file final.cif (mmCIF, C-alpha atoms and all ligand atoms)
data_work
#
loop_
_atom_site.label_atom_id
_atom_site.label_comp_id
_atom_site.auth_asym_id
_atom_site.auth_seq_id
_atom_site.Cartn_x
_atom_site.Cartn_y
_atom_site.Cartn_z
CA VAL A 1 -7.18 6.86 -10.67
CA LEU A 2 -3.86 8.61 -10.18
CA LYS A 3 -3.88 12.33 -10.62
CA GLY A 4 -1.27 14.43 -12.33
CA GLY A 5 2.21 13.57 -11.16
CA GLY A 6 1.19 10.38 -9.38
CA ALA A 7 2.22 8.04 -12.17
CA ALA A 8 5.54 9.79 -12.64
CA VAL A 9 6.27 9.55 -8.92
CA ALA A 10 5.44 5.84 -8.94
CA GLY A 11 7.83 5.35 -11.85
CA LEU A 12 10.70 6.75 -9.82
CA SER A 13 10.14 4.10 -7.15
CA VAL A 14 10.19 6.68 -4.40
CA PHE A 15 10.99 4.54 -1.43
CA ARG A 16 14.16 5.66 0.18
CA VAL A 17 12.61 4.56 3.48
CA ALA A 18 13.06 0.87 2.79
CA GLY A 19 12.68 0.00 6.48
CA PRO A 20 9.07 0.85 7.22
CA ALA A 21 7.92 -0.12 3.74
CA ARG A 22 8.99 -3.70 4.47
CA ALA A 23 7.25 -3.81 7.82
CA PHE A 24 4.32 -5.83 6.55
CA PRO A 25 4.70 -9.55 7.23
CA ALA A 26 6.17 -11.47 4.31
CA GLN A 27 3.39 -12.49 1.99
CA PRO A 28 3.41 -16.16 0.97
CA ALA A 29 3.55 -16.67 -2.79
CA ASP A 30 0.17 -18.42 -2.87
CA GLU A 31 -1.61 -15.74 -0.79
CA GLU A 32 -4.96 -14.60 -2.19
CA VAL A 33 -7.27 -11.87 -0.94
CA VAL A 34 -10.86 -12.98 -0.33
CA PRO A 35 -12.83 -9.84 -1.31
CA TRP A 36 -15.21 -8.23 1.17
CA LEU A 37 -18.88 -8.56 0.25
CA ASP A 38 -19.64 -5.03 1.46
CA ARG A 39 -18.43 -2.39 -0.99
CA ARG A 40 -17.79 1.29 -0.52
CA ALA A 41 -20.55 3.43 -2.04
CA ASP A 42 -19.61 5.72 -4.94
CA VAL A 43 -18.66 9.22 -3.87
CA PRO A 44 -21.63 11.45 -4.82
CA PRO A 45 -20.89 14.38 -7.17
CA PRO A 46 -20.81 17.21 -4.60
CA ALA A 47 -18.29 15.32 -2.44
CA GLN A 48 -16.12 14.39 -5.46
CA ASP A 49 -14.61 17.87 -5.35
CA VAL A 50 -13.44 17.26 -1.78
CA ILE A 51 -12.60 13.55 -1.54
CA GLY A 52 -9.88 12.52 -3.97
CA ASN A 53 -7.94 9.32 -3.53
CA GLN A 54 -8.94 6.78 -0.85
CA LEU A 55 -7.05 3.90 0.72
CA VAL A 56 -8.16 0.52 -0.63
CA TRP A 57 -8.08 -1.67 2.46
CA GLU A 58 -7.81 -4.97 0.60
CA GLN A 59 -4.62 -3.70 -1.09
CA LEU A 60 -2.96 -2.82 2.22
CA ASP A 61 0.46 -4.43 1.97
CA SER A 62 2.92 -1.97 3.51
CA TRP A 63 3.14 -0.21 6.85
CA ILE A 64 4.05 3.02 5.07
CA THR A 65 1.38 4.10 2.60
CA PRO A 66 3.07 4.96 -0.73
CA ASN A 67 2.48 8.61 -1.62
CA GLU A 68 0.50 7.79 -4.74
CA LYS A 69 -1.87 5.59 -2.72
CA PHE A 70 -2.31 8.12 0.11
CA PHE A 71 -5.81 9.59 0.46
CA THR A 72 -6.43 13.23 -0.43
CA ILE A 73 -8.90 15.79 0.88
CA LYS A 74 -9.20 19.28 -0.57
CA HIS A 75 -11.99 21.61 0.44
CA TYR A 76 -11.12 24.42 -1.97
CA GLY A 77 -9.29 22.59 -4.76
CA ASN A 78 -5.52 22.43 -5.23
CA PRO A 79 -4.19 26.01 -5.17
CA THR A 80 -1.49 27.40 -7.44
CA ILE A 81 1.71 28.04 -5.51
CA PRO A 82 3.20 31.44 -6.39
CA ALA A 83 6.82 31.39 -7.62
CA ASN A 84 7.79 33.77 -4.81
CA TRP A 85 6.18 31.59 -2.09
CA ARG A 86 7.32 32.39 1.44
CA LEU A 87 6.01 31.41 4.86
CA GLN A 88 4.95 34.56 6.74
CA LEU A 89 4.77 34.76 10.53
CA ASP A 90 2.79 37.73 11.76
CA GLY A 91 0.20 38.93 14.24
CA LEU A 92 1.04 39.23 17.93
CA LEU A 93 4.76 38.57 17.61
CA HIS A 94 7.71 40.62 18.77
CA ARG A 95 9.42 40.11 15.39
CA LYS A 96 7.52 39.37 12.21
CA ARG A 97 9.47 36.80 10.23
CA SER A 98 9.32 35.05 6.89
CA PHE A 99 11.13 32.05 5.42
CA ASP A 100 11.59 30.59 1.98
CA LEU A 101 11.85 26.84 1.54
CA ALA A 102 15.67 26.80 1.42
CA GLU A 103 15.79 28.65 4.75
CA LEU A 104 13.39 26.15 6.34
CA ARG A 105 15.41 23.23 4.95
CA ARG A 106 18.60 24.59 6.50
CA ARG A 107 17.00 24.43 9.95
CA PRO A 108 17.13 21.24 12.09
CA ARG A 109 15.36 18.32 10.39
CA ARG A 110 13.06 15.93 12.25
CA GLU A 111 10.95 12.98 11.14
CA VAL A 112 7.77 11.46 12.51
CA ASP A 113 5.87 8.33 11.52
CA PHE A 114 2.28 9.50 11.81
CA THR A 115 -0.98 7.96 10.64
CA LEU A 116 -3.14 10.75 9.25
CA GLU A 117 -6.88 10.12 9.40
CA CYS A 118 -9.67 12.39 8.24
CA SER A 119 -12.18 12.77 11.06
CA GLY A 120 -14.92 12.03 8.52
CA ASN A 121 -13.42 8.63 7.71
CA THR A 122 -15.96 5.79 8.09
CA GLY A 123 -18.64 8.32 9.01
CA LEU A 124 -20.18 8.18 5.54
CA PRO A 125 -20.90 5.13 3.34
CA PHE A 126 -18.70 6.48 0.53
CA PHE A 127 -15.76 7.50 2.72
CA THR A 128 -13.95 4.55 4.32
CA GLY A 129 -10.41 5.07 3.02
CA GLY A 130 -9.54 8.46 4.54
CA ILE A 131 -6.41 7.21 6.26
CA GLY A 132 -2.73 6.61 5.53
CA ASN A 133 0.60 6.32 7.29
CA ALA A 134 3.68 8.27 6.21
CA ARG A 135 7.11 9.29 7.41
CA TRP A 136 6.85 13.08 7.45
CA ALA A 137 9.96 15.26 7.65
CA GLY A 138 10.42 18.93 8.29
CA THR A 139 11.62 21.40 10.85
CA PRO A 140 10.08 21.86 14.33
CA LEU A 141 7.60 24.72 14.60
CA ALA A 142 8.21 25.67 18.24
CA PRO A 143 11.72 27.18 17.86
CA ILE A 144 10.48 29.28 14.95
CA LEU A 145 7.61 30.68 17.03
CA GLN A 146 10.03 31.22 19.91
CA SER A 147 12.47 33.09 17.69
CA ALA A 148 9.63 35.36 16.56
CA GLY A 149 8.58 35.88 20.19
CA VAL A 150 4.88 35.41 20.95
CA ALA A 151 3.59 38.58 22.59
CA GLU A 152 2.06 38.44 26.07
CA GLU A 153 -1.50 38.83 24.77
CA GLY A 154 -1.11 36.19 22.02
CA THR A 155 -3.20 33.11 22.86
CA GLU A 156 -4.09 31.48 19.54
CA VAL A 157 -1.98 30.42 16.54
CA VAL A 158 -3.76 30.34 13.17
CA PHE A 159 -2.37 28.26 10.31
CA TRP A 160 -3.52 29.69 6.98
CA GLY A 161 -3.60 27.72 3.72
CA LEU A 162 -3.20 29.26 0.28
CA ASP A 163 -6.46 27.68 -0.87
CA SER A 164 -9.72 29.59 -0.65
CA GLY A 165 -13.33 29.26 -1.73
CA GLN A 166 -16.67 31.00 -1.77
CA VAL A 167 -18.54 30.55 1.48
CA THR A 168 -22.10 31.64 2.21
CA ILE A 169 -22.71 32.97 5.69
CA ASN A 170 -26.34 32.78 6.76
CA ASP A 171 -26.07 35.69 9.12
CA ASN A 172 -27.29 38.46 6.85
CA ALA A 173 -24.95 41.03 8.37
CA GLY A 174 -27.55 43.70 7.78
CA THR A 175 -27.73 43.11 4.03
CA GLY A 176 -31.13 41.44 4.17
CA GLY A 177 -29.89 38.07 2.87
CA PRO A 178 -27.08 35.54 3.06
CA LEU A 179 -23.61 36.89 2.52
CA THR A 180 -20.99 35.23 0.30
CA ILE A 181 -17.32 35.75 1.10
CA THR A 182 -14.01 34.26 0.00
CA GLU A 183 -12.58 32.31 2.91
CA HIS A 184 -9.15 30.73 3.12
CA PHE A 185 -8.67 27.29 4.62
CA ALA A 186 -7.43 27.85 8.16
CA ARG A 187 -7.23 26.05 11.47
CA SER A 188 -5.98 27.22 14.85
CA MET A 189 -4.47 25.89 18.05
CA THR A 190 -3.72 27.47 21.39
CA VAL A 191 -0.16 28.74 21.85
CA PRO A 192 0.78 25.79 24.16
CA GLU A 193 -0.67 23.30 21.64
CA ALA A 194 1.24 24.93 18.78
CA MET A 195 4.44 24.88 20.89
CA ASP A 196 4.31 21.07 21.18
CA PRO A 197 7.88 20.09 20.21
CA ARG A 198 6.51 17.34 17.96
CA ASN A 199 4.75 19.70 15.53
CA LEU A 200 6.60 20.01 12.23
CA LEU A 201 6.64 22.43 9.34
CA CYS A 202 6.74 19.53 6.91
CA TYR A 203 8.38 19.61 3.48
CA GLN A 204 8.96 15.90 2.85
CA MET A 205 6.73 12.83 2.74
CA ASN A 206 8.23 9.34 2.60
CA GLY A 207 11.62 10.62 1.49
CA VAL A 208 10.56 12.90 -1.35
CA ASP A 209 9.51 16.55 -1.57
CA LEU A 210 5.99 16.93 -0.16
CA PRO A 211 3.72 16.28 -3.18
CA HIS A 212 1.49 19.16 -4.22
CA GLU A 213 -1.76 17.29 -3.45
CA HIS A 214 -0.52 16.63 0.09
CA GLY A 215 0.21 20.29 0.73
CA GLY A 216 3.55 20.95 -0.96
CA PRO A 217 5.67 22.93 -0.59
CA LEU A 218 4.83 23.13 3.12
CA ARG A 219 2.19 21.80 5.52
CA LEU A 220 1.73 21.57 9.23
CA ILE A 221 2.15 18.07 10.65
CA ALA A 222 0.62 17.92 14.13
CA PRO A 223 1.08 14.30 15.27
CA GLY A 224 -1.94 13.00 17.16
CA TRP A 225 -4.39 15.46 15.58
CA TYR A 226 -7.05 14.55 13.05
CA GLY A 227 -6.29 15.34 9.39
CA VAL A 228 -8.09 18.68 9.34
CA ALA A 229 -5.58 20.25 11.78
CA ASN A 230 -2.69 19.38 9.45
CA VAL A 231 -3.01 22.45 7.24
CA LYS A 232 -1.69 22.03 3.70
CA TRP A 233 -0.26 24.71 1.38
CA LEU A 234 0.71 26.69 4.46
CA ASP A 235 1.76 30.26 3.72
CA ARG A 236 0.98 32.19 6.87
CA ILE A 237 1.10 31.61 10.61
CA GLU A 238 -0.65 34.28 12.62
CA VAL A 239 -0.82 34.80 16.37
CA ARG A 240 -4.09 36.29 17.68
CA ASP A 241 -5.52 37.29 21.05
CA GLY A 242 -8.72 35.25 20.93
CA ARG A 243 -10.21 32.03 19.63
CA PHE A 244 -10.35 31.74 15.88
CA ASN A 245 -13.81 30.70 14.68
CA GLY A 246 -13.23 30.13 10.98
CA ARG A 247 -15.28 27.62 8.99
CA PHE A 248 -13.13 24.58 9.82
CA MET A 249 -13.01 25.42 13.53
CA ALA A 250 -16.55 26.51 14.26
CA ARG A 251 -18.90 25.52 11.44
CA ASP A 252 -17.48 22.46 9.66
CA TYR A 253 -15.62 19.75 11.56
CA VAL A 254 -17.78 20.38 14.59
CA THR A 255 -19.11 17.37 16.48
CA VAL A 256 -22.59 17.79 17.91
CA ARG A 257 -23.70 15.63 20.81
CA ARG A 258 -26.77 15.60 23.01
CA GLU A 259 -25.74 15.22 26.63
CA GLY A 260 -28.07 14.35 29.47
CA ARG A 261 -28.02 16.52 32.58
CA GLU A 262 -28.75 15.40 36.13
CA ASN A 263 -32.13 17.11 36.17
CA GLY A 264 -33.23 14.90 33.27
CA THR A 265 -33.00 17.51 30.56
CA ASN A 266 -30.61 17.43 27.63
CA VAL A 267 -28.18 19.95 26.27
CA TRP A 268 -26.51 20.08 22.88
CA THR A 269 -22.75 20.38 22.86
CA PHE A 270 -20.60 21.53 19.93
CA THR A 271 -16.92 20.65 19.94
CA THR A 272 -14.21 21.30 17.35
CA VAL A 273 -12.64 18.15 15.88
CA SER A 274 -9.14 17.94 17.33
CA HIS A 275 -7.28 14.86 18.61
CA ASP A 276 -7.33 11.39 17.05
CA ARG A 277 -9.51 8.73 18.65
CA LEU A 278 -8.81 5.05 19.34
CA LYS A 279 -9.89 2.98 16.34
CA SER A 280 -9.23 -0.19 14.35
CA ALA A 281 -10.43 -1.82 11.15
CA PRO A 282 -10.20 -5.25 9.55
CA ALA A 283 -8.21 -4.65 6.33
CA LYS A 284 -8.43 -7.94 4.48
CA VAL A 285 -9.01 -11.67 4.68
CA THR A 286 -6.38 -13.76 2.92
CA ARG A 287 -6.06 -17.44 2.10
CA SER A 288 -2.78 -19.30 1.92
CA GLY A 289 -2.22 -23.06 1.98
CA GLY A 290 -5.95 -23.53 2.60
CA ARG A 291 -5.87 -21.44 5.83
CA TYR A 292 -7.45 -18.03 6.36
CA THR A 293 -5.95 -14.98 8.06
CA ILE A 294 -7.55 -11.65 8.96
CA THR A 295 -5.19 -8.66 8.86
CA GLY A 296 -6.01 -5.18 10.06
CA ALA A 297 -4.78 -1.93 11.54
CA ALA A 298 -5.29 -0.06 14.82
CA TRP A 299 -4.46 3.59 15.49
CA GLY A 300 -5.47 6.82 17.19
CA ALA A 301 -3.69 6.07 20.48
CA PRO A 302 -0.74 3.88 21.54
CA ILE A 303 -2.18 0.41 20.91
CA ALA A 304 -2.04 -2.32 23.56
CA GLY A 305 -4.16 -4.98 21.86
CA VAL A 306 -6.85 -5.82 19.33
CA ASP A 307 -9.73 -8.32 19.55
CA VAL A 308 -11.64 -9.89 16.71
CA SER A 309 -15.23 -11.13 16.74
CA ILE A 310 -16.74 -13.38 14.08
CA ASP A 311 -20.52 -13.14 13.54
CA HIS A 312 -20.74 -10.91 16.67
CA GLY A 313 -19.60 -13.88 18.79
CA PRO A 314 -17.02 -13.85 21.61
CA TRP A 315 -14.01 -11.53 21.34
CA MET A 316 -10.76 -13.32 20.52
CA PRO A 317 -7.31 -11.73 20.75
CA ALA A 318 -5.47 -10.85 17.54
CA LYS A 319 -1.67 -10.73 17.34
CA LEU A 320 -0.07 -7.27 17.19
CA LEU A 321 2.77 -7.01 14.70
CA ASP A 322 5.99 -5.06 15.21
CA GLN A 323 5.63 -1.63 13.70
CA LEU A 324 9.07 -1.68 12.16
CA PRO A 325 11.12 -4.63 10.92
CA PRO A 326 14.56 -5.42 12.29
CA SER A 327 16.10 -3.43 9.46
CA GLY A 328 19.25 -2.21 11.16
CA ARG A 329 17.71 1.24 11.18
CA SER A 330 15.60 2.42 14.07
CA ARG A 331 13.22 -0.07 15.66
CA ARG A 332 11.48 2.54 17.74
CA ARG A 333 7.69 2.46 17.76
CA SER A 334 5.88 5.62 16.93
CA GLN A 335 3.00 6.31 19.27
CA PHE A 336 1.39 8.25 16.41
CA ALA A 337 1.48 5.50 13.81
CA TRP A 338 -0.87 2.61 13.25
CA SER A 339 -0.10 -0.93 14.40
CA PHE A 340 -0.96 -3.89 12.22
CA TRP A 341 -2.50 -7.04 13.61
CA THR A 342 -3.34 -10.52 12.35
CA PHE A 343 -5.84 -13.14 13.42
CA ASP A 344 -5.33 -16.78 12.45
CA TRP A 345 -8.81 -17.87 11.38
CA GLY A 346 -7.80 -21.41 10.49
CA THR A 347 -10.27 -23.25 8.23
CA PRO A 348 -13.76 -21.82 8.81
CA PRO A 349 -16.61 -23.75 7.15
CA ALA A 350 -17.85 -22.31 3.84
CA LYS A 351 -20.48 -19.61 4.47
CA GLU A 352 -20.89 -15.87 4.91
CA TYR A 353 -19.44 -14.24 8.02
CA THR A 354 -19.11 -10.85 9.64
CA VAL A 355 -15.71 -9.74 10.94
CA THR A 356 -15.48 -7.02 13.63
CA SER A 357 -12.42 -5.66 15.43
CA ARG A 358 -11.91 -3.54 18.53
CA ALA A 359 -8.72 -1.90 19.75
CA PHE A 360 -7.41 -1.26 23.27
CA ASP A 361 -4.94 1.47 24.11
CA VAL A 362 -2.19 1.39 26.72
CA ASP A 363 -4.44 3.25 29.19
CA GLY A 364 -7.07 0.49 29.06
CA ASN A 365 -9.58 2.36 26.89
CA VAL A 366 -11.52 0.28 24.39
CA GLN A 367 -12.80 1.29 20.98
CA PRO A 368 -16.55 1.90 21.40
CA ALA A 369 -19.40 -0.01 19.79
CA PRO A 370 -20.44 1.65 16.52
CA VAL A 371 -23.42 3.73 17.55
CA ASP A 372 -22.70 6.00 20.46
CA LEU A 373 -26.10 5.92 22.13
CA ALA A 374 -24.75 6.97 25.49
CA HIS A 375 -25.85 10.52 24.94
CA ILE A 376 -29.37 9.69 23.79
CA ASP A 377 -32.10 9.30 26.39
CA PRO A 378 -33.40 5.77 25.82
CA ASN A 379 -36.63 6.49 27.72
CA SER A 380 -37.91 9.18 25.44
CA PRO A 381 -39.26 8.25 22.02
CA PRO A 382 -36.93 9.01 19.09
CA THR A 383 -37.38 12.48 17.73
CA THR A 384 -36.26 14.10 14.52
CA ASP A 385 -33.42 15.48 16.56
CA ASP A 386 -32.25 11.98 17.38
CA LEU A 387 -32.06 11.13 13.69
CA VAL A 388 -30.13 14.29 12.96
CA LEU A 389 -27.89 13.59 15.90
CA ALA A 390 -27.26 10.03 14.83
CA SER A 391 -25.87 11.28 11.57
CA LYS A 392 -23.88 14.02 13.30
CA ILE A 393 -22.37 11.70 15.86
CA THR A 394 -21.45 9.08 13.34
CA TYR A 395 -20.10 11.57 10.85
CA TRP A 396 -17.15 13.37 12.46
CA GLU A 397 -14.95 11.36 14.81
CA SER A 398 -16.68 8.06 13.99
CA ASN A 399 -14.37 5.73 15.83
CA GLY A 400 -16.90 2.96 16.44
CA GLN A 401 -16.06 -0.67 15.76
CA ILE A 402 -16.09 -1.60 12.08
CA THR A 403 -17.79 -4.75 10.77
CA ARG A 404 -17.03 -6.21 7.33
CA ARG A 405 -18.71 -9.12 5.54
CA VAL A 406 -16.92 -11.94 3.78
CA ALA A 407 -17.92 -15.23 2.13
CA ILE A 408 -15.60 -18.18 2.73
CA PRO A 409 -15.98 -20.43 -0.33
N1 LIG B 501 -5.05 24.02 3.12
C1 LIG B 501 -5.76 22.90 3.36
N2 LIG B 501 -5.30 22.04 4.29
C2 LIG B 501 -5.98 20.90 4.56
C3 LIG B 501 -7.19 20.62 3.91
C4 LIG B 501 -7.65 21.54 2.93
O1 LIG B 501 -8.70 21.34 2.29
N3 LIG B 501 -6.90 22.66 2.68
N4 LIG B 501 -7.89 19.49 4.25
C5 LIG B 501 -7.62 18.97 5.58
C6 LIG B 501 -8.26 17.70 5.84
S1 LIG B 501 -9.91 17.77 6.23
C7 LIG B 501 -7.56 16.52 5.84
S2 LIG B 501 -8.32 15.08 6.26
C8 LIG B 501 -6.12 16.50 5.48
C9 LIG B 501 -5.86 15.52 4.36
O2 LIG B 501 -4.49 15.49 4.02
P1 LIG B 501 -4.03 14.73 2.71
O3 LIG B 501 -4.83 15.25 1.56
O4 LIG B 501 -2.56 14.96 2.58
O5 LIG B 501 -4.32 13.26 2.95
O6 LIG B 501 -5.63 17.76 5.09
C10 LIG B 501 -6.14 18.85 5.86
N5 LIG B 501 -5.45 20.06 5.48
MO MO B 502 -10.58 15.68 6.89
#

call {"tool": "encode", "arguments": {"input": "final.cif", "output": "structure tokens", "more": "lines below"}}
Ligand SMILES: Nc1nc2c(c(=O)[nH]1)N[C@H]1C(S)=C(S)[C@@H](COP(=O)(O)O)O[C@H]1N2
Ligand SMILES: [Mo]
result
Amino acid sequence: VLKGGGAAVAGLSVFRVAGPARAFPAQPADEEVVPWLDRRADVPPPAQDVIGNQLVWEQLDSWITPNEKFFTIKHYGNPTIPANWRLQLDGLLHRKRSFDLAELRRRPRREVDFTLECSGNTGLPFFTGGIGNARWAGTPLAPILQSAGVAEEGTEVVFWGLDSGQVTINDNAGTGGPLTITEHFARSMTVPEAMDPRNLLCYQMNGVDLPHEHGGPLRLIAPGWYGVANVKWLDRIEVRDGRFNGRFMARDYVTVRREGRENGTNVWTFTTVSHDRLKSAPAKVTRSGGRYTITGAAWGAPIAGVDVSIDHGPWMPAKLLDQLPPSGRSRRRSQFAWSFWTFDWGTPPAKEYTVTSRAFDVDGNVQPAPVDLAHIDPNSPPTTDDLVLASKITYWESNGQITRRVAIP
């Protein structure tokens, strides 16, 4: 299951961040996991090139996800990093600049506890473990952009990855057929978004050098943004004077919704995946001393509470756990990191059950029911478009409530 250096990393027992790793409640010696009845589907061959490792929810036992258990997504494979790697800053800047890793490491160091989730997570039957929580460290991006001086006409910041792949463009560009080009992985943000003081040029993950599969030597960490915005294998930051419509901004990672208008007609809207959404999931059911407990996670916004429903019955409050243990180190909560919760299920009679959770954020928003039908006109008969839309809506940014099935023996 582990790729390449994973086993070696595990052998070194990487955790210098002892604090967060201990944040899970102490597990009683007799604790057993009661396996879910619903299983993740096998990743089909075409998606195997993209989806690597996935989180195994039933094995969740630490607030920080160890690097070798952290999910991986790679759209164009893992690129080779040239020996003379440097980060280039160019485009609409007063001073073009470049940095090697040592120069970036000498700059001020910041850390953020941030739960990274792929916006495709739980949108597909074979992709339910596209999430993990890490302590990322690096140097803030904003002062670097400021020192380069964004020109007056610069409005968009493009983060370019080293990885590239063959992409077929259907617009025939006058050639009489589809056109195939080599496109680099890239994502952009507006200048004010890029200047957010919390964005990091990240070179460490959970206390060790950023592993290659997670974007080493350098990636963008944009707390609060879905995984796709956190560009790995970063080698160039470019400032442009217009929106950047590369594949991962304008073609992939685009959410399509049908929205009703007042005059009764519908319009289709296309939005680029950007900020995390409020979400939760039951992680596991455990038994200890004859009693059952449901444990789970909630993320995507600062969490105020979580409810649990058994067999789609009444919602019952779960208990939120402290994010960090009283470890002497910092006890601050990260608004960008998941919160764990538990629900004391007691001694339910032996049978099969469903377990559903829903999260609330500090602004009173609630995690939506799984199928977002709000945009579909219930008075018109379902059309092919509705079926297409259902898959589109539930694919990217699927933050609907998650139901698992379990048999209590
Ligand atoms: N250069 C590059 N950056 C990338 C990607 C990629 O394929 N290439 N995938 C993105 C997506 S879609 C996700 S979900 C996250 C996954 O980060 P991880 O592999 O460290 O978990 O990286 C993002 N950054
Ligand atoms: Mo992703």

call {"tool": "atom_distance", "arguments": {"input": "final.cif", "atom1": "atom CA of A:Ala359", "atom2": "atom CA of A:Pro314"}}
result
14.7 Å

call {"tool": "closest_residue", "arguments": {"input": "final.cif", "among": "A:Leu116, A:Leu218, A:Ala41, A:Ala194", "to": "A:Trp299", "atoms": "only C-alpha atoms"}}
result
A:Leu116

call {"tool": "residues_near_ligand", "arguments": {"input": "final.cif", "ligand": "ligand MO 502 (chain B)", "cutoff": "7 Å", "atoms": "only C-alpha atoms and all ligand atoms", "output": "MDAnalysis selection string"}}
result
chainID A and resid 73 118:120 227:228

call {"tool": "residues_around", "arguments": {"input": "final.cif", "residues": "A:Ser280", "least_positions_apart": "3", "cutoff": "10 Å", "atoms": "all atoms listed in the file", "output": "PDB file with C-alpha atoms, in the coordinates of the input"}}
result
ATOM      1  CA  ARG A 277      -9.510   8.730  18.650  1.00  0.00           C
ATOM      2  CA  ALA A 283      -8.210  -4.650   6.330  1.00  0.00           C
ATOM      3  CA  GLY A 296      -6.010  -5.180  10.060  1.00  0.00           C
ATOM      4  CA  ALA A 297      -4.780  -1.930  11.540  1.00  0.00           C
ATOM      5  CA  ALA A 298      -5.290  -0.060  14.820  1.00  0.00           C
ATOM      6  CA  TRP A 299      -4.460   3.590  15.490  1.00  0.00           C
ATOM      7  CA  GLY A 300      -5.470   6.820  17.190  1.00  0.00           C
ATOM      8  CA  ILE A 303      -2.180   0.410  20.910  1.00  0.00           C
ATOM      9  CA  VAL A 306      -6.850  -5.820  19.330  1.00  0.00           C
ATOM     10  CA  ASP A 307      -9.730  -8.320  19.550  1.00  0.00           C
ATOM     11  CA  TRP A 338      -0.870   2.610  13.250  1.00  0.00           C
ATOM     12  CA  SER A 339      -0.100  -0.930  14.400  1.00  0.00           C
ATOM     13  CA  PHE A 340      -0.960  -3.890  12.220  1.00  0.00           C
ATOM     14  CA  TRP A 341      -2.500  -7.040  13.610  1.00  0.00           C
ATOM     15  CA  THR A 356     -15.480  -7.020  13.630  1.00  0.00           C
ATOM     16  CA  SER A 357     -12.420  -5.660  15.430  1.00  0.00           C
ATOM     17  CA  ARG A 358     -11.910  -3.540  18.530  1.00  0.00           C
ATOM     18  CA  ALA A 359      -8.720  -1.900  19.750  1.00  0.00           C
ATOM     19  CA  PHE A 360      -7.410  -1.260  23.270  1.00  0.00           C
ATOM     20  CA  GLN A 367     -12.800   1.290  20.980  1.00  0.00           C
ATOM     21  CA  ASN A 399     -14.370   5.730  15.830  1.00  0.00           C
ATOM     22  CA  GLY A 400     -16.900   2.960  16.440  1.00  0.00           C
ATOM     23  CA  GLN A 401     -16.060  -0.670  15.760  1.00  0.00           C
ATOM     24  CA  ILE A 402     -16.090  -1.600  12.080  1.00  0.00           C
TER      25      ILE A 402
END

call {"tool": "closest_residue", "arguments": {"input": "final.cif", "among": "A:Pro143, A:Pro46, A:Pro108, A:Pro217", "to": "ligand LIG 501 (chain B)", "atoms": "all atoms listed in the file"}}
result
A:Pro217

call {"tool": "atom_distance", "arguments": {"input": "final.cif", "atom1": "atom CA of A:Thr190", "atom2": "atom CA of A:Asp209"}}
result
28.7 Å

call {"tool": "closest_residue", "arguments": {"input": "final.cif", "among": "A:Tyr203, A:Trp225, A:Trp233, A:Phe114", "to": "A:Asp163", "atoms": "all atoms listed in the file"}}
result
A:Trp233

call {"tool": "closest_residue", "arguments": {"input": "final.cif", "among": "A:Val158, A:Met195, A:Leu141, A:Ala304", "to": "A:Phe248", "atoms": "all atoms listed in the file"}}
result
A:Val158

call {"tool": "atom_distance", "arguments": {"input": "final.cif", "atom1": "atom CA of A:Asn121", "atom2": "atom CA of A:Glu397"}}
result
7.8 Å

call {"tool": "residues_around", "arguments": {"input": "final.cif", "residues": "A:Pro44", "least_positions_apart": "3", "cutoff": "12 Å", "atoms": "all atoms listed in the file", "output": "ChimeraX atom specification"}}
result
/A:40-41,47-52,124-127

call {"tool": "closest_residue", "arguments": {"input": "final.cif", "among": "A:Trp85, A:Arg135, A:Ala222, A:Thr347", "to": "A:Arg291", "atoms": "only C-alpha atoms"}}
result
A:Thr347

call {"tool": "closest_atom_pairs", "arguments": {"input": "final.cif", "of": "chain A", "to": "ligand LIG 501 (chain B)", "cutoff": "9 Å", "atoms": "only C-alpha atoms and all ligand atoms", "output": "CSV"}}
result
residue,atom,partner,partner_atom,distance
A:Val50,CA,B:LIG501,O1,7.5
A:Ile51,CA,B:LIG501,O3,8.5
A:Gly52,CA,B:LIG501,O3,8.0
A:Asn53,CA,B:LIG501,O5,8.4
A:Gln54,CA,B:LIG501,O5,8.8
A:Phe70,CA,B:LIG501,O5,6.2
A:Phe71,CA,B:LIG501,O5,4.7
A:Thr72,CA,B:LIG501,O3,3.3
A:Ile73,CA,B:LIG501,O3,4.2
A:Lys74,CA,B:LIG501,O1,3.6
A:His75,CA,B:LIG501,O1,3.8
A:Tyr76,CA,B:LIG501,O1,5.8
A:Gly77,CA,B:LIG501,O1,7.2
A:Asn78,CA,B:LIG501,N3,8.0
A:Pro79,CA,B:LIG501,N1,8.6
A:Leu116,CA,B:LIG501,O5,6.9
A:Glu117,CA,B:LIG501,S2,6.0
A:Cys118,CA,B:LIG501,S2,3.6
A:Ser119,CA,B:LIG501,S2,6.6
A:Gly120,CA,B:LIG501,S2,7.6
A:Asn121,CA,B:LIG501,S2,8.3
A:Gly130,CA,B:LIG501,S2,6.9
A:Ile131,CA,B:LIG501,O5,7.2
A:Gly132,CA,B:LIG501,O5,7.3
A:Phe159,CA,B:LIG501,N1,8.8
A:Trp160,CA,B:LIG501,N1,7.0
A:Gly161,CA,B:LIG501,N1,4.0
A:Leu162,CA,B:LIG501,N1,6.2
A:Asp163,CA,B:LIG501,N1,5.6
A:Ser164,CA,B:LIG501,N1,8.2
A:His184,CA,B:LIG501,N1,7.9
A:Phe185,CA,B:LIG501,N1,5.1
A:Ala186,CA,B:LIG501,N1,6.8
A:Arg187,CA,B:LIG501,N2,8.4
A:Pro211,CA,B:LIG501,O4,8.6
A:His212,CA,B:LIG501,O4,9.0
A:Glu213,CA,B:LIG501,O3,6.2
A:His214,CA,B:LIG501,O4,3.6
A:Gly215,CA,B:LIG501,O4,6.3
A:Arg219,CA,B:LIG501,N2,7.6
A:Leu220,CA,B:LIG501,N5,8.2
A:Tyr226,CA,B:LIG501,S2,6.9
A:Gly227,CA,B:LIG501,S2,3.7
A:Val228,CA,B:LIG501,C6,3.6
A:Ala229,CA,B:LIG501,C10,6.1
A:Asn230,CA,B:LIG501,N5,4.9
A:Val231,CA,B:LIG501,N2,3.8
A:Lys232,CA,B:LIG501,N2,3.7
A:Trp233,CA,B:LIG501,N1,5.1
A:Leu234,CA,B:LIG501,N1,6.5
A:Phe248,CA,B:LIG501,S1,8.3
A:Tyr253,CA,B:LIG501,S1,8.1
